[in-house]
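Some notes on the structure that comes next.
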Amino acid sequence: MSAEKKAFRQQQIARLKAHAQETQLAGETLLAKLQGLPSWRDAKTIGVTISSPFEVPTAPIIAAAAAAGKQVLIPRCLPKRQMAFLPDPGAAGRITSAFGIPEPPYDEAKVNDQPDLLLVPGIAYALNTHARIGFGGGYYDRFLQRYQGPTVVLAAPIMVYAAPAWPIEDHDVMIDQMLTVDQ
Ligand SMILES: Nc1nc2c(c(=O)[nH]1)N(C=O)[C@@H](CNc1ccc(C(=O)N[C@@H](CCC(=O)O)C(=O)O)cc1)CN2
Ligand SMILES: Nc1ncnc2c1ncn2[C@@H]1O[C@H](COP(=O)(O)OP(=O)(O)OP(=O)(O)O)[C@@H](O)[C@H]1O
């Protein structure tokens with residue numbers, strides 16, 4: 001990975017941490033926008049992460065999906081930077097990974113890697129190209145190569161860039177839809 005990308009990521013994560021409260025507040029507006037999308041309304045299954053304190057809060061999204069009768073699928077990290085989506089067992093059923101992320105237990109029979117809608121996490125997004133940069137695991141760039149459905153990001157203000165301020169690589173996959181508080 002380029003030193004430039006690494007430096008941007010470090011700086012951006014520090015910015016996210018400094019704007020955690022603003023990001024939490026933006027969550028409400030972003031969820032309302034998400035609920036207005038046809039891709040949300042039509043989805044019977046939703047792929048979403050369990051957020052950390054400086055990401056857009058996903059607990060309200062998960063609650064809204066469940067209330068609307070949608071099945072919530074959350075990712076489990078696997079060896080070789082692979083990721084599988086499995087039904088959310090609820091807070092008490094999640095297992096916290098070595099990276100501190102609550103994950104579903106692995107059960108091959110329950111894997112569904114083609115949710116009807118995928119909410120993609122990240123640390124920064126570009127309005128012009130819909131490029132994204134994540135935490136550096138490469139999990140989503142790999143996953144998105146074989147995911148066929150629509151992708152959406154919920155971009156808190158601190159995550160929004162007019163154009164990418166980080167290097168774009170061949171394996172970067174652009175996101176279909178970018179929701180922001182302002183645009
Ligand atoms: N809330 C949330 N869950 C998520 C993601 C996310 O962005 N947000 N992910 C989005 O992808 C996946 C996990 N992402 C990860 C990204 C990097 C590393 C990681 O490797 N961390 C190392 C440093 C890097 C390295 O050594 O290569 C570490 O912390 O030691 C782990 C998980 C799945 N779950
Ligand atoms: N499709 C892929 N095939 C092979 N290696 C990949 C692929 N996507 C990413 N990688 C590798 O994974 C590592 C992390 O990728 P990158 O810096 O793009 O992560 P990221 O933008 O934070 O993405 P993500 O949120 O998907 O983890 C890099 O070493 C990159 O070369």
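Residue numbering restarts at 1 for every chain of the structure tokens, chains are lettered A, B, ... in their displayed order, and ligands are numbered from 1 as they appear.
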
- Message: What residues of the protein or nucleic acid chains come within 10 Å of ligand 1 when you use only C-alpha atoms and all ligand atoms? Reply as a PyMOL selection string.
- Response: chain A and resi 48-58+74-78+81-85+97-103+120-123+133-143

- Quick one: everything within 8 Å of Pro157 in chain A, counting only C-alpha atoms, minus sequence neighbours fewer than 5 positions away in the same chain. Send it as a list of chain:residue names.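 Within the cut-off, the hits are A:Glu22, A:Thr23, A:Ala26, A:Thr180, A:Val181.
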
- Query: Using only C-alpha atoms, which residue out of A:Ser2, A:Gln183, A:Gly69, A:Gln35 lies closest to Val160 in chain A?
  - Reply: A:Gln183

For Val173 in chain A: contacts at 8 Å, only C-alpha atoms, fewer than 4 positions along chain excluded, given as a PDB file with N, CA and C atoms, in the first residue's frame:
ATOM      1  N   ALA A 131     -15.723   7.272  -5.162  1.00  0.00           N
ATOM      2  CA  ALA A 131     -14.628   6.462  -4.620  1.00  0.00           C
ATOM      3  C   ALA A 131     -14.735   6.448  -3.103  1.00  0.00           C
ATOM      4  N   ARG A 132     -14.252   5.354  -2.500  1.00  0.00           N
ATOM      5  CA  ARG A 132     -14.244   5.275  -1.037  1.00  0.00           C
ATOM      6  C   ARG A 132     -12.891   4.752  -0.570  1.00  0.00           C
ATOM      7  N   ASP A 141     -13.175  -4.106  -0.624  1.00  0.00           N
ATOM      8  CA  ASP A 141     -12.738  -4.098  -2.025  1.00  0.00           C
ATOM      9  C   ASP A 141     -12.756  -5.513  -2.582  1.00  0.00           C
ATOM     10  N   LEU A 144     -16.615  -6.668  -2.758  1.00  0.00           N
ATOM     11  CA  LEU A 144     -17.421  -5.997  -3.785  1.00  0.00           C
ATOM     12  C   LEU A 144     -17.154  -6.543  -5.189  1.00  0.00           C
ATOM     13  N   GLN A 145     -16.033  -7.234  -5.364  1.00  0.00           N
ATOM     14  CA  GLN A 145     -15.750  -7.842  -6.672  1.00  0.00           C
ATOM     15  C   GLN A 145     -16.761  -8.932  -7.017  1.00  0.00           C
TER      16      GLN A 145
END

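Between Ile168 in chain A and the candidates A:Arg41, A:Ala14, A:Arg146, A:Tyr125, the tightest atom-to-atom separation, counting only C-alpha atoms, involves A:Tyr125.
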
- Task: Return the single residue from A:Thr45, A:Gln148, A:His130, A:Lys17 that is closest to Asp172 in chain A, with distances computed using only C-alpha atoms.
- Result: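 Ranked by minimum distance to Asp172 in chain A, first place goes to A:His130.
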
- Query: How many Å lie between CA of Asp176 in chain A and CA of Arg15 in chain A, rounded to one decimal?
  - Reply: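 Atom-to-atom, CA of Asp176 in chain A and CA of Arg15 in chain A are spaced 24.9 Å apart.
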
- Pick out the closest residue to ligand 2 from this set: A:Gly27, A:Gly149, A:Pro105, A:Pro167. Count only C-alpha atoms and all ligand atoms.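 Checking each of A:Gly27, A:Gly149, A:Pro105, A:Pro167 against ligand 2, counting only C-alpha atoms and all ligand atoms, the winner is A:Pro167.
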
- Could you find all residues in range 25-139 of chain A that DSSP calls strand (DSSP E or B) from the backbone, and write them as a list in words?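 For range 25-139 of chain A, the strand (DSSP E or B) set is Thr45, Ile46, Gly47, Gln71, Val72, Leu73, Ile74, Pro75, Arg76, Cys77, Leu78, Gln82, Met83, Ala84, Phe85, Leu86, Pro87, Ile95, Thr96, Pro102, Glu103, Leu117, Leu118, Leu119, Ala124, Tyr125, Ala126, Arg132 and Ile133 of chain A.
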
Residues of the last selection are to be written out with N, CA and C atoms, as a compact mmCIF listing (two decimals), in the first residue's frame.
# COMPACT_ATOMS: atom_id res chain seq x y z
N THR A 45 -33.37 -8.26 2.53
CA THR A 45 -32.16 -8.54 3.31
C THR A 45 -31.20 -7.36 3.15
N ILE A 46 -30.57 -6.95 4.27
CA ILE A 46 -29.68 -5.78 4.28
C ILE A 46 -28.34 -6.20 4.88
N GLY A 47 -27.25 -5.85 4.22
CA GLY A 47 -25.92 -6.08 4.78
C GLY A 47 -25.40 -4.81 5.42
N GLN A 71 -34.40 -8.80 6.94
CA GLN A 71 -33.38 -9.58 7.64
C GLN A 71 -32.06 -8.79 7.62
N VAL A 72 -31.43 -8.68 8.77
CA VAL A 72 -30.16 -7.95 8.90
C VAL A 72 -29.01 -8.95 8.86
N LEU A 73 -28.07 -8.72 7.93
CA LEU A 73 -26.88 -9.56 7.80
C LEU A 73 -25.66 -8.73 8.18
N ILE A 74 -24.78 -9.28 9.01
CA ILE A 74 -23.58 -8.55 9.41
C ILE A 74 -22.34 -9.38 9.06
N PRO A 75 -21.19 -8.70 8.85
CA PRO A 75 -20.03 -9.42 8.35
C PRO A 75 -19.20 -10.10 9.43
N ARG A 76 -18.64 -11.23 9.05
CA ARG A 76 -17.63 -11.90 9.86
C ARG A 76 -16.36 -11.95 9.02
N CYS A 77 -15.25 -11.49 9.59
CA CYS A 77 -13.97 -11.53 8.87
C CYS A 77 -13.43 -12.95 8.92
N LEU A 78 -12.92 -13.40 7.78
CA LEU A 78 -12.38 -14.75 7.63
C LEU A 78 -10.91 -14.65 7.25
N GLN A 82 -10.97 -12.36 3.68
CA GLN A 82 -12.30 -12.62 3.15
C GLN A 82 -13.32 -12.24 4.21
N MET A 83 -14.56 -12.11 3.79
CA MET A 83 -15.63 -11.69 4.69
C MET A 83 -16.89 -12.44 4.29
N ALA A 84 -17.67 -12.89 5.28
CA ALA A 84 -18.95 -13.55 5.01
C ALA A 84 -20.04 -12.81 5.76
N PHE A 85 -21.23 -12.69 5.14
CA PHE A 85 -22.37 -12.08 5.81
C PHE A 85 -23.29 -13.17 6.36
N LEU A 86 -23.66 -12.98 7.63
CA LEU A 86 -24.51 -13.95 8.34
C LEU A 86 -25.59 -13.18 9.08
N PRO A 87 -26.73 -13.84 9.36
CA PRO A 87 -27.80 -13.16 10.09
C PRO A 87 -27.31 -12.61 11.43
N ILE A 95 -20.05 -12.07 18.76
CA ILE A 95 -18.77 -12.41 19.37
C ILE A 95 -17.77 -11.32 18.98
N THR A 96 -17.13 -10.70 19.95
CA THR A 96 -16.20 -9.61 19.64
C THR A 96 -14.89 -10.17 19.11
N PRO A 102 -17.86 -6.57 17.05
CA PRO A 102 -18.80 -7.67 17.29
C PRO A 102 -19.21 -8.33 15.97
N GLU A 103 -19.11 -9.65 15.94
CA GLU A 103 -19.39 -10.40 14.70
C GLU A 103 -20.35 -11.55 14.99
N LEU A 117 -29.42 -5.29 -0.40
CA LEU A 117 -28.80 -3.95 -0.33
C LEU A 117 -27.61 -4.05 0.62
N LEU A 118 -26.50 -3.42 0.22
CA LEU A 118 -25.29 -3.46 1.06
C LEU A 118 -24.89 -2.05 1.47
N LEU A 119 -24.85 -1.79 2.77
CA LEU A 119 -24.36 -0.51 3.29
C LEU A 119 -22.87 -0.68 3.54
N ALA A 124 -13.75 7.82 4.20
CA ALA A 124 -13.89 9.01 3.34
C ALA A 124 -14.46 8.58 1.99
N TYR A 125 -15.24 9.49 1.41
CA TYR A 125 -15.90 9.23 0.13
C TYR A 125 -15.82 10.47 -0.74
N ALA A 126 -15.72 10.26 -2.07
CA ALA A 126 -15.65 11.38 -3.01
C ALA A 126 -16.98 11.56 -3.73
N ARG A 132 -14.25 5.35 -2.50
CA ARG A 132 -14.24 5.27 -1.04
C ARG A 132 -12.89 4.75 -0.57
N ILE A 133 -12.59 5.07 0.68
CA ILE A 133 -11.43 4.46 1.32
C ILE A 133 -11.89 3.95 2.68

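The interatomic distance for the pair atom 5 (N, counted along the ligand's line) of ligand 2 and CA of Met174 in chain A works out to 15.4 Å.
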
Would you mind listing what lies within 8 Å of Gln177 in chain A as a tab-separated table (two decimals) with N, CA, C and O atoms, in the first residue's frame, with only C-alpha atoms counted and same-chain residues fewer than 2 positions away left out?
chain	number	residue	atom	x	y	z
A	130	HIS	N	-17.57	8.81	-6.47
A	130	HIS	CA	-18.06	7.79	-5.53
A	130	HIS	C	-16.97	6.81	-5.11
A	130	HIS	O	-17.26	5.66	-4.76
A	151	THR	N	-25.04	-0.88	-3.82
A	151	THR	CA	-24.24	-0.47	-2.66
A	151	THR	C	-24.55	0.99	-2.34
A	151	THR	O	-24.75	1.81	-3.23
A	152	VAL	N	-24.56	1.29	-1.05
A	152	VAL	CA	-24.81	2.67	-0.62
A	152	VAL	C	-23.89	2.98	0.56
A	152	VAL	O	-23.58	2.09	1.36
A	153	VAL	N	-23.42	4.23	0.62
A	153	VAL	CA	-22.69	4.66	1.80
A	153	VAL	C	-23.47	5.79	2.48
A	153	VAL	O	-24.11	6.60	1.82
A	175	ILE	N	-18.79	3.16	-5.31
A	175	ILE	CA	-20.06	2.90	-4.64
A	175	ILE	C	-21.21	3.43	-5.50
A	175	ILE	O	-21.08	4.47	-6.14
A	179	LEU	N	-25.07	8.85	0.23
A	179	LEU	CA	-26.01	9.72	0.96
A	179	LEU	C	-25.22	10.64	1.87
A	179	LEU	O	-24.31	10.19	2.58

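The spacing separating CA of Lys110 in chain A from CA of Leu34 in chain A amounts to 26.0 Å.
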